[in-house]
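One structure is given here, and the rest of the page talks about it.
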Amino acid sequence: RTLPHAQVLHAIGYHVLTIDVRGHGANGPEAMPLSVGEFAADARAGVAWMLTRPEVSRVALLGHSMGAAGSLVASAGNPDVAAVIAVSTPADPARLTRQTFRLANLPIPGLIAWPLAWLTTMVYLRPRGHTIASVSATIAVRDITSPVLLAHGSDDGAVPVTDLDRLATARRAARPLAVTEAVVVEGGRHSWLYEFPEYRAAIGRFL
């Protein structure tokens with residue numbers, strides 16, 4: 001199958017590897033919960049495999065949503081990743097859990113919702129040995145030395161666009177000399193940003 005992002009990147013002139021993360025697509029179901037940690041591990045494996053190819057000189061990661069957070073975590077402290085494009089990225093796993101409460105219209109007061117989101121996230125991550133810090137995109141983005149492009153739709157109803165600001169601020173504070181680009185696509189929602197010419201142009205220029 002050909003994915004839209006792959007079509008865009010092929011048109012620019014890049015080789016593209018698309019992967020089904022474990023538990024997705026053609027892969028069988030997983031017995032334990034999936035989190036950003038698994039997206040990151042599979043992204044690292046993809047990078048390592050790409051670098052064995054004779055036609056590949058450098059590898060960049062592009063991920064969307066949970067895949068974007070996984071791409072950032074996979075790139076932290078990883079010299080094999082030459083650049084990262086993170087699209088519609090949840091900045092923090094507990095913050096994402098809190099957002100799911102809102103999307104489900106759960107009538108949980110704020111004073112209770114935040115500690116409950118933190119506890120729920122801890123319980124969810126525990127079976128695979130992850131911590132909130134180990135799968136936090138905000139923490140990971142501070143430890144990436146390669147260029148990073150953060151892209152988000154202004155009308156994202158799943159992951160608020162303020163998460164982009166949180167990520168960009170954290171990275172610029174930690175690495176003021178590193179390349180950090182942030183693009184907000186006006187009118188863009190959580191998915192299908194590749195339909196916007198300005199988004200396609202931004203990732204083309206960045207790479």
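Residues in the structure tokens are named by chain (A, B, ... in the order shown) and by number from 1 within that chain; ligands are numbered from 1 in the order shown.
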Worksheet item: Near Ser191 in chain A, within 9 Å and counting only C-alpha atoms, which residues show up once chain neighbours fewer than 3 positions away are dropped, as a ChimeraX atom specification?
Response: /A:64-65,87-88,153,156,188,194
With N, CA and C atoms retained, export the selected residues as a PDB file, in the first residue's frame.
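And here is the file that came out, out.pdb:
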```
ATOM      1  N   HIS A  64       3.284  10.625  13.186  1.00  0.00           N
ATOM      2  CA  HIS A  64       2.051  11.360  13.436  1.00  0.00           C
ATOM      3  C   HIS A  64       1.438  10.912  14.754  1.00  0.00           C
ATOM      4  N   SER A  65       1.026  11.860  15.570  1.00  0.00           N
ATOM      5  CA  SER A  65       0.328  11.599  16.816  1.00  0.00           C
ATOM      6  C   SER A  65       1.189  10.741  17.755  1.00  0.00           C
ATOM      7  N   VAL A  87       4.386  15.304  13.926  1.00  0.00           N
ATOM      8  CA  VAL A  87       3.128  15.908  13.487  1.00  0.00           C
ATOM      9  C   VAL A  87       2.013  15.589  14.483  1.00  0.00           C
ATOM     10  N   SER A  88       1.314  16.614  14.922  1.00  0.00           N
ATOM     11  CA  SER A  88       0.170  16.444  15.836  1.00  0.00           C
ATOM     12  C   SER A  88       0.580  15.669  17.080  1.00  0.00           C
ATOM     13  N   GLY A 153      -2.070  21.032  13.407  1.00  0.00           N
ATOM     14  CA  GLY A 153      -3.218  21.741  12.870  1.00  0.00           C
ATOM     15  C   GLY A 153      -3.814  22.673  13.906  1.00  0.00           C
ATOM     16  N   ASP A 156      -6.969  21.100  15.703  1.00  0.00           N
ATOM     17  CA  ASP A 156      -6.826  19.713  16.168  1.00  0.00           C
ATOM     18  C   ASP A 156      -7.716  19.503  17.389  1.00  0.00           C
ATOM     19  N   GLY A 188      -6.131  23.139   9.911  1.00  0.00           N
ATOM     20  CA  GLY A 188      -5.791  21.727   9.964  1.00  0.00           C
ATOM     21  C   GLY A 188      -6.341  21.057  11.200  1.00  0.00           C
ATOM     22  N   TYR A 194      -1.336  16.517   5.273  1.00  0.00           N
ATOM     23  CA  TYR A 194      -0.665  16.450   3.975  1.00  0.00           C
ATOM     24  C   TYR A 194      -1.539  17.016   2.850  1.00  0.00           C
TER      25      TYR A 194
END
```
Strand (DSSP E or B) call set, DSSP backbone run, range 2-206 of chain A, as a PDB file with all heavy atoms, in the first residue's frame:
```pdb
ATOM      1  N   VAL A  59      19.088   8.994   7.640  1.00  0.00           N
ATOM      2  CA  VAL A  59      17.692   8.639   7.896  1.00  0.00           C
ATOM      3  C   VAL A  59      17.033   9.717   8.749  1.00  0.00           C
ATOM      4  O   VAL A  59      17.585  10.143   9.762  1.00  0.00           O
ATOM      5  CB  VAL A  59      17.585   7.282   8.619  1.00  0.00           C
ATOM      6  CG1 VAL A  59      16.119   6.959   8.932  1.00  0.00           C
ATOM      7  CG2 VAL A  59      18.190   6.165   7.776  1.00  0.00           C
ATOM      8  N   ALA A  60      15.859  10.135   8.317  1.00  0.00           N
ATOM      9  CA  ALA A  60      15.009  11.029   9.104  1.00  0.00           C
ATOM     10  C   ALA A  60      13.758  10.269   9.504  1.00  0.00           C
ATOM     11  O   ALA A  60      13.348   9.317   8.831  1.00  0.00           O
ATOM     12  CB  ALA A  60      14.639  12.275   8.303  1.00  0.00           C
ATOM     13  N   LEU A  61      13.151  10.672  10.604  1.00  0.00           N
ATOM     14  CA  LEU A  61      11.901  10.067  11.061  1.00  0.00           C
ATOM     15  C   LEU A  61      10.756  11.060  10.887  1.00  0.00           C
ATOM     16  O   LEU A  61      10.915  12.259  11.160  1.00  0.00           O
ATOM     17  CB  LEU A  61      11.995   9.674  12.535  1.00  0.00           C
ATOM     18  CG  LEU A  61      12.803   8.425  12.873  1.00  0.00           C
ATOM     19  CD1 LEU A  61      12.913   8.262  14.387  1.00  0.00           C
ATOM     20  CD2 LEU A  61      12.178   7.190  12.253  1.00  0.00           C
ATOM     21  N   LEU A  62       9.615  10.556  10.426  1.00  0.00           N
ATOM     22  CA  LEU A  62       8.392  11.335  10.398  1.00  0.00           C
ATOM     23  C   LEU A  62       7.310  10.511  11.066  1.00  0.00           C
ATOM     24  O   LEU A  62       7.061   9.372  10.666  1.00  0.00           O
ATOM     25  CB  LEU A  62       7.981  11.688   8.958  1.00  0.00           C
ATOM     26  CG  LEU A  62       6.773  12.629   8.806  1.00  0.00           C
ATOM     27  CD1 LEU A  62       6.846  13.386   7.480  1.00  0.00           C
ATOM     28  CD2 LEU A  62       5.430  11.909   8.909  1.00  0.00           C
ATOM     29  N   GLY A  63       6.693  11.061  12.098  1.00  0.00           N
ATOM     30  CA  GLY A  63       5.639  10.353  12.808  1.00  0.00           C
ATOM     31  C   GLY A  63       4.456  11.257  13.056  1.00  0.00           C
ATOM     32  O   GLY A  63       4.588  12.486  13.120  1.00  0.00           O
ATOM     33  N   HIS A  64       3.284  10.625  13.186  1.00  0.00           N
ATOM     34  CA  HIS A  64       2.051  11.360  13.436  1.00  0.00           C
ATOM     35  C   HIS A  64       1.438  10.912  14.754  1.00  0.00           C
ATOM     36  O   HIS A  64       1.357   9.715  15.036  1.00  0.00           O
ATOM     37  CB  HIS A  64       1.061  11.115  12.287  1.00  0.00           C
ATOM     38  CG  HIS A  64      -0.317  11.633  12.561  1.00  0.00           C
ATOM     39  ND1 HIS A  64      -1.346  10.827  12.979  1.00  0.00           N
ATOM     40  CD2 HIS A  64      -0.823  12.893  12.493  1.00  0.00           C
ATOM     41  CE1 HIS A  64      -2.435  11.551  13.141  1.00  0.00           C
ATOM     42  NE2 HIS A  64      -2.155  12.805  12.856  1.00  0.00           N
ATOM     43  N   VAL A  81      19.723   9.231  13.833  1.00  0.00           N
ATOM     44  CA  VAL A  81      18.583   9.970  13.285  1.00  0.00           C
ATOM     45  C   VAL A  81      19.055  11.360  12.877  1.00  0.00           C
ATOM     46  O   VAL A  81      19.465  12.159  13.718  1.00  0.00           O
ATOM     47  CB  VAL A  81      17.447  10.063  14.307  1.00  0.00           C
ATOM     48  CG1 VAL A  81      16.277  10.859  13.730  1.00  0.00           C
ATOM     49  CG2 VAL A  81      16.978   8.663  14.716  1.00  0.00           C
ATOM     50  N   ALA A  82      18.978  11.652  11.584  1.00  0.00           N
ATOM     51  CA  ALA A  82      19.503  12.911  11.070  1.00  0.00           C
ATOM     52  C   ALA A  82      18.527  14.071  11.228  1.00  0.00           C
ATOM     53  O   ALA A  82      18.940  15.236  11.246  1.00  0.00           O
ATOM     54  CB  ALA A  82      19.873  12.752   9.594  1.00  0.00           C
ATOM     55  N   ALA A  83      17.236  13.777  11.318  1.00  0.00           N
ATOM     56  CA  ALA A  83      16.226  14.820  11.470  1.00  0.00           C
ATOM     57  C   ALA A  83      14.924  14.162  11.886  1.00  0.00           C
ATOM     58  O   ALA A  83      14.714  12.968  11.664  1.00  0.00           O
ATOM     59  CB  ALA A  83      16.034  15.596  10.165  1.00  0.00           C
ATOM     60  N   VAL A  84      14.033  14.963  12.486  1.00  0.00           N
ATOM     61  CA  VAL A  84      12.748  14.446  12.948  1.00  0.00           C
ATOM     62  C   VAL A  84      11.636  15.413  12.553  1.00  0.00           C
ATOM     63  O   VAL A  84      11.763  16.614  12.750  1.00  0.00           O
ATOM     64  CB  VAL A  84      12.700  14.266  14.482  1.00  0.00           C
ATOM     65  CG1 VAL A  84      11.443  13.495  14.885  1.00  0.00           C
ATOM     66  CG2 VAL A  84      13.940  13.596  15.005  1.00  0.00           C
ATOM     67  N   ILE A  85      10.557  14.853  12.003  1.00  0.00           N
ATOM     68  CA  ILE A  85       9.330  15.614  11.773  1.00  0.00           C
ATOM     69  C   ILE A  85       8.250  14.990  12.654  1.00  0.00           C
ATOM     70  O   ILE A  85       7.916  13.817  12.494  1.00  0.00           O
ATOM     71  CB  ILE A  85       8.902  15.581  10.302  1.00  0.00           C
ATOM     72  CG1 ILE A  85       9.991  16.201   9.412  1.00  0.00           C
ATOM     73  CG2 ILE A  85       7.572  16.326  10.110  1.00  0.00           C
ATOM     74  CD1 ILE A  85       9.711  16.076   7.923  1.00  0.00           C
ATOM     75  N   ALA A  86       7.737  15.759  13.588  1.00  0.00           N
ATOM     76  CA  ALA A  86       6.730  15.268  14.536  1.00  0.00           C
ATOM     77  C   ALA A  86       5.436  16.034  14.292  1.00  0.00           C
ATOM     78  O   ALA A  86       5.391  17.257  14.432  1.00  0.00           O
ATOM     79  CB  ALA A  86       7.213  15.449  15.970  1.00  0.00           C
ATOM     80  N   VAL A  87       4.386  15.304  13.926  1.00  0.00           N
ATOM     81  CA  VAL A  87       3.128  15.908  13.487  1.00  0.00           C
ATOM     82  C   VAL A  87       2.013  15.589  14.483  1.00  0.00           C
ATOM     83  O   VAL A  87       1.809  14.428  14.845  1.00  0.00           O
ATOM     84  CB  VAL A  87       2.742  15.378  12.079  1.00  0.00           C
ATOM     85  CG1 VAL A  87       1.494  16.093  11.569  1.00  0.00           C
ATOM     86  CG2 VAL A  87       3.905  15.536  11.105  1.00  0.00           C
ATOM     87  N   VAL A 148      14.709  19.449  14.287  1.00  0.00           N
ATOM     88  CA  VAL A 148      13.355  18.988  14.594  1.00  0.00           C
ATOM     89  C   VAL A 148      12.347  19.954  13.983  1.00  0.00           C
ATOM     90  O   VAL A 148      12.467  21.173  14.148  1.00  0.00           O
ATOM     91  CB  VAL A 148      13.122  18.898  16.119  1.00  0.00           C
ATOM     92  CG1 VAL A 148      11.652  18.601  16.426  1.00  0.00           C
ATOM     93  CG2 VAL A 148      14.011  17.820  16.738  1.00  0.00           C
ATOM     94  N   LEU A 149      11.370  19.386  13.279  1.00  0.00           N
ATOM     95  CA  LEU A 149      10.229  20.154  12.789  1.00  0.00           C
ATOM     96  C   LEU A 149       8.983  19.666  13.510  1.00  0.00           C
ATOM     97  O   LEU A 149       8.663  18.475  13.483  1.00  0.00           O
ATOM     98  CB  LEU A 149      10.050  19.971  11.275  1.00  0.00           C
ATOM     99  CG  LEU A 149       8.738  20.504  10.674  1.00  0.00           C
ATOM    100  CD1 LEU A 149       8.656  22.024  10.822  1.00  0.00           C
ATOM    101  CD2 LEU A 149       8.599  20.099   9.212  1.00  0.00           C
ATOM    102  N   LEU A 150       8.287  20.581  14.150  1.00  0.00           N
ATOM    103  CA  LEU A 150       7.030  20.289  14.822  1.00  0.00           C
ATOM    104  C   LEU A 150       5.905  20.898  14.001  1.00  0.00           C
ATOM    105  O   LEU A 150       5.941  22.087  13.681  1.00  0.00           O
ATOM    106  CB  LEU A 150       7.024  20.883  16.232  1.00  0.00           C
ATOM    107  CG  LEU A 150       8.176  20.453  17.156  1.00  0.00           C
ATOM    108  CD1 LEU A 150       8.209  21.340  18.401  1.00  0.00           C
ATOM    109  CD2 LEU A 150       8.032  18.991  17.543  1.00  0.00           C
ATOM    110  N   ALA A 151       4.915  20.087  13.643  1.00  0.00           N
ATOM    111  CA  ALA A 151       3.785  20.574  12.850  1.00  0.00           C
ATOM    112  C   ALA A 151       2.485  20.185  13.536  1.00  0.00           C
ATOM    113  O   ALA A 151       2.380  19.097  14.126  1.00  0.00           O
ATOM    114  CB  ALA A 151       3.826  20.006  11.439  1.00  0.00           C
ATOM    115  N   HIS A 152       1.493  21.064  13.442  1.00  0.00           N
ATOM    116  CA  HIS A 152       0.228  20.822  14.140  1.00  0.00           C
ATOM    117  C   HIS A 152      -0.871  21.590  13.419  1.00  0.00           C
ATOM    118  O   HIS A 152      -0.639  22.672  12.878  1.00  0.00           O
ATOM    119  CB  HIS A 152       0.325  21.317  15.586  1.00  0.00           C
ATOM    120  CG  HIS A 152      -0.365  20.462  16.574  1.00  0.00           C
ATOM    121  ND1 HIS A 152       0.302  19.651  17.466  1.00  0.00           N
ATOM    122  CD2 HIS A 152      -1.688  20.258  16.830  1.00  0.00           C
ATOM    123  CE1 HIS A 152      -0.559  19.009  18.230  1.00  0.00           C
ATOM    124  NE2 HIS A 152      -1.786  19.369  17.864  1.00  0.00           N
ATOM    125  N   GLY A 153      -2.070  21.032  13.407  1.00  0.00           N
ATOM    126  CA  GLY A 153      -3.218  21.741  12.870  1.00  0.00           C
ATOM    127  C   GLY A 153      -3.814  22.673  13.906  1.00  0.00           C
ATOM    128  O   GLY A 153      -3.909  22.325  15.089  1.00  0.00           O
ATOM    129  N   THR A 180      15.166  24.203  15.319  1.00  0.00           N
ATOM    130  CA  THR A 180      13.812  23.885  15.775  1.00  0.00           C
ATOM    131  C   THR A 180      12.839  24.699  14.941  1.00  0.00           C
ATOM    132  O   THR A 180      12.876  25.935  14.970  1.00  0.00           O
ATOM    133  CB  THR A 180      13.606  24.235  17.257  1.00  0.00           C
ATOM    134  OG1 THR A 180      14.608  23.592  18.054  1.00  0.00           O
ATOM    135  CG2 THR A 180      12.221  23.796  17.728  1.00  0.00           C
ATOM    136  N   GLU A 181      12.000  24.024  14.186  1.00  0.00           N
ATOM    137  CA  GLU A 181      10.985  24.707  13.398  1.00  0.00           C
ATOM    138  C   GLU A 181       9.603  24.278  13.887  1.00  0.00           C
ATOM    139  O   GLU A 181       9.395  23.115  14.231  1.00  0.00           O
ATOM    140  CB  GLU A 181      11.129  24.381  11.906  1.00  0.00           C
ATOM    141  CG  GLU A 181      12.441  24.865  11.312  1.00  0.00           C
ATOM    142  CD  GLU A 181      12.503  24.651   9.804  1.00  0.00           C
ATOM    143  OE1 GLU A 181      11.426  24.535   9.181  1.00  0.00           O
ATOM    144  OE2 GLU A 181      13.614  24.580   9.261  1.00  0.00           O
ATOM    145  N   ALA A 182       8.679  25.216  13.924  1.00  0.00           N
ATOM    146  CA  ALA A 182       7.311  24.939  14.354  1.00  0.00           C
ATOM    147  C   ALA A 182       6.354  25.520  13.319  1.00  0.00           C
ATOM    148  O   ALA A 182       6.457  26.699  12.972  1.00  0.00           O
ATOM    149  CB  ALA A 182       7.048  25.535  15.735  1.00  0.00           C
ATOM    150  N   VAL A 183       5.454  24.684  12.831  1.00  0.00           N
ATOM    151  CA  VAL A 183       4.507  25.088  11.801  1.00  0.00           C
ATOM    152  C   VAL A 183       3.096  24.783  12.273  1.00  0.00           C
ATOM    153  O   VAL A 183       2.790  23.631  12.616  1.00  0.00           O
ATOM    154  CB  VAL A 183       4.780  24.339  10.472  1.00  0.00           C
ATOM    155  CG1 VAL A 183       3.715  24.675   9.442  1.00  0.00           C
ATOM    156  CG2 VAL A 183       6.165  24.668   9.948  1.00  0.00           C
ATOM    157  N   VAL A 184       2.248  25.794  12.311  1.00  0.00           N
ATOM    158  CA  VAL A 184       0.830  25.600  12.608  1.00  0.00           C
ATOM    159  C   VAL A 184       0.061  25.747  11.301  1.00  0.00           C
ATOM    160  O   VAL A 184       0.141  26.785  10.639  1.00  0.00           O
ATOM    161  CB  VAL A 184       0.321  26.618  13.646  1.00  0.00           C
ATOM    162  CG1 VAL A 184      -1.187  26.463  13.846  1.00  0.00           C
ATOM    163  CG2 VAL A 184       1.055  26.441  14.966  1.00  0.00           C
ATOM    164  N   VAL A 185      -0.633  24.696  10.912  1.00  0.00           N
ATOM    165  CA  VAL A 185      -1.411  24.697   9.673  1.00  0.00           C
ATOM    166  C   VAL A 185      -2.813  25.212   9.987  1.00  0.00           C
ATOM    167  O   VAL A 185      -3.588  24.541  10.666  1.00  0.00           O
ATOM    168  CB  VAL A 185      -1.478  23.281   9.066  1.00  0.00           C
ATOM    169  CG1 VAL A 185      -2.290  23.296   7.773  1.00  0.00           C
ATOM    170  CG2 VAL A 185      -0.077  22.747   8.818  1.00  0.00           C
TER     171      VAL A 185
END
```
Fill in: Neighbour list for range 24-40 of chain A as a VMD selection string, cut-off 7 Å, only C-alpha atoms, skip fewer than 2 positions in-chain
chain A and resid 20 to 22 42 to 44 66 to 67 69 to 71 73 to 74 124 127 130 135
Just C-alpha atoms for this one: save the residues we selected as a PDB file, in the first residue's frame.
```
ATOM      1  CA  ASP A  20       3.096  -1.074  10.781  1.00  0.00           C
ATOM      2  CA  VAL A  21       3.910  -0.607  14.454  1.00  0.00           C
ATOM      3  CA  ARG A  22       3.341  -3.741  16.511  1.00  0.00           C
ATOM      4  CA  ASP A  42       9.830   0.105  16.370  1.00  0.00           C
ATOM      5  CA  ALA A  43      11.036   3.435  14.955  1.00  0.00           C
ATOM      6  CA  ARG A  44      14.572   2.690  16.187  1.00  0.00           C
ATOM      7  CA  MET A  66       1.530   8.683  18.984  1.00  0.00           C
ATOM      8  CA  GLY A  67       3.969   7.912  16.184  1.00  0.00           C
ATOM      9  CA  ALA A  69       5.892  11.145  20.131  1.00  0.00           C
ATOM     10  CA  GLY A  70       7.542   7.793  19.431  1.00  0.00           C
ATOM     11  CA  SER A  71       9.753   9.385  16.778  1.00  0.00           C
ATOM     12  CA  VAL A  73      11.622   9.456  21.966  1.00  0.00           C
ATOM     13  CA  ALA A  74      13.445   7.256  19.422  1.00  0.00           C
ATOM     14  CA  TYR A 124      -1.190   1.738  31.829  1.00  0.00           C
ATOM     15  CA  PRO A 127       3.183  -3.745  32.325  1.00  0.00           C
ATOM     16  CA  HIS A 130       7.794   2.347  31.014  1.00  0.00           C
ATOM     17  CA  VAL A 135       7.755   8.128  27.043  1.00  0.00           C
TER      18      VAL A 135
END
```
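Distances to Ala133 in chain A were evaluated for A:Gln7, A:Thr162, A:Thr121, A:Asn105 using only C-alpha atoms, and the minimum falls at A:Thr121.
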Practice prompt. Kindly give the distance, in Å, that separates CA of Gly77 in chain A and CA of Asp143 in chain A, rounded to a single decimal.
Written response: 5.9 Å
Discussion item. Could you tell me how far CA of Val16 in chain A sits from CA of Pro147 in chain A, in Å to one decimal place?
Written reply: 18.6 Å
Worksheet entry | Nearest residue to His5 in chain A from the set A:Met50, A:Leu17, A:Ala104, A:Ala137 (distances using only C-alpha atoms) |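 Checking each candidate against His5 in chain A, we get A:Leu17 as the closest.
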Discussion item. Report, in Å to a single decimal, how far apart CA of Glu198 in chain A and CA of Asn78 in chain A are.
Written reply: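 For CA of Asn78 in chain A relative to CA of Glu198 in chain A, the distance reads 29.2 Å.
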Worksheet item: Neighbours of Thr97 in chain A within 9 Å (only C-alpha atoms; same-chain residues fewer than 3 positions away dropped), as JSON, numbers by chain?
Response: {"A": [92, 93, 94, 100, 101, 102, 114, 117, 118, 120, 121]}
Residues from the last selection, N, CA and C atoms, saved as an mmCIF file, in the first residue's frame:
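Result went into result.cif, see below:
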```cif
data_model
loop_
_atom_site.group_PDB
_atom_site.id
_atom_site.type_symbol
_atom_site.label_atom_id
_atom_site.label_comp_id
_atom_site.auth_asym_id
_atom_site.auth_seq_id
_atom_site.Cartn_x
_atom_site.Cartn_y
_atom_site.Cartn_z
ATOM 1 N N ASP A 92 2.790 15.035 26.330
ATOM 2 C CA ASP A 92 3.037 14.316 27.575
ATOM 3 C C ASP A 92 1.964 13.254 27.741
ATOM 4 N N PRO A 93 2.330 12.040 28.173
ATOM 5 C CA PRO A 93 1.324 10.968 28.258
ATOM 6 C C PRO A 93 0.208 11.235 29.268
ATOM 7 N N ALA A 94 0.523 11.817 30.405
ATOM 8 C CA ALA A 94 -0.526 12.111 31.379
ATOM 9 C C ALA A 94 -1.450 13.204 30.868
ATOM 10 N N THR A 100 -8.185 12.652 26.975
ATOM 11 C CA THR A 100 -9.168 11.606 26.670
ATOM 12 C C THR A 100 -10.369 11.703 27.611
ATOM 13 N N PHE A 101 -10.144 12.134 28.842
ATOM 14 C CA PHE A 101 -11.272 12.359 29.754
ATOM 15 C C PHE A 101 -12.208 13.421 29.174
ATOM 16 N N ARG A 102 -11.605 14.484 28.640
ATOM 17 C CA ARG A 102 -12.413 15.565 28.067
ATOM 18 C C ARG A 102 -13.175 15.082 26.836
ATOM 19 N N TRP A 114 -6.631 15.665 37.083
ATOM 20 C CA TRP A 114 -5.192 15.639 36.825
ATOM 21 C C TRP A 114 -4.477 14.516 37.579
ATOM 22 N N ALA A 117 -5.499 11.278 35.980
ATOM 23 C CA ALA A 117 -4.838 11.054 34.691
ATOM 24 C C ALA A 117 -3.420 10.539 34.906
ATOM 25 N N TRP A 118 -2.727 11.123 35.872
ATOM 26 C CA TRP A 118 -1.361 10.680 36.164
ATOM 27 C C TRP A 118 -1.357 9.230 36.638
ATOM 28 N N THR A 120 -3.699 6.901 36.175
ATOM 29 C CA THR A 120 -4.140 6.026 35.087
ATOM 30 C C THR A 120 -3.005 5.756 34.116
ATOM 31 N N THR A 121 -2.254 6.789 33.803
ATOM 32 C CA THR A 121 -1.130 6.639 32.880
ATOM 33 C C THR A 121 -0.058 5.737 33.467
#
```
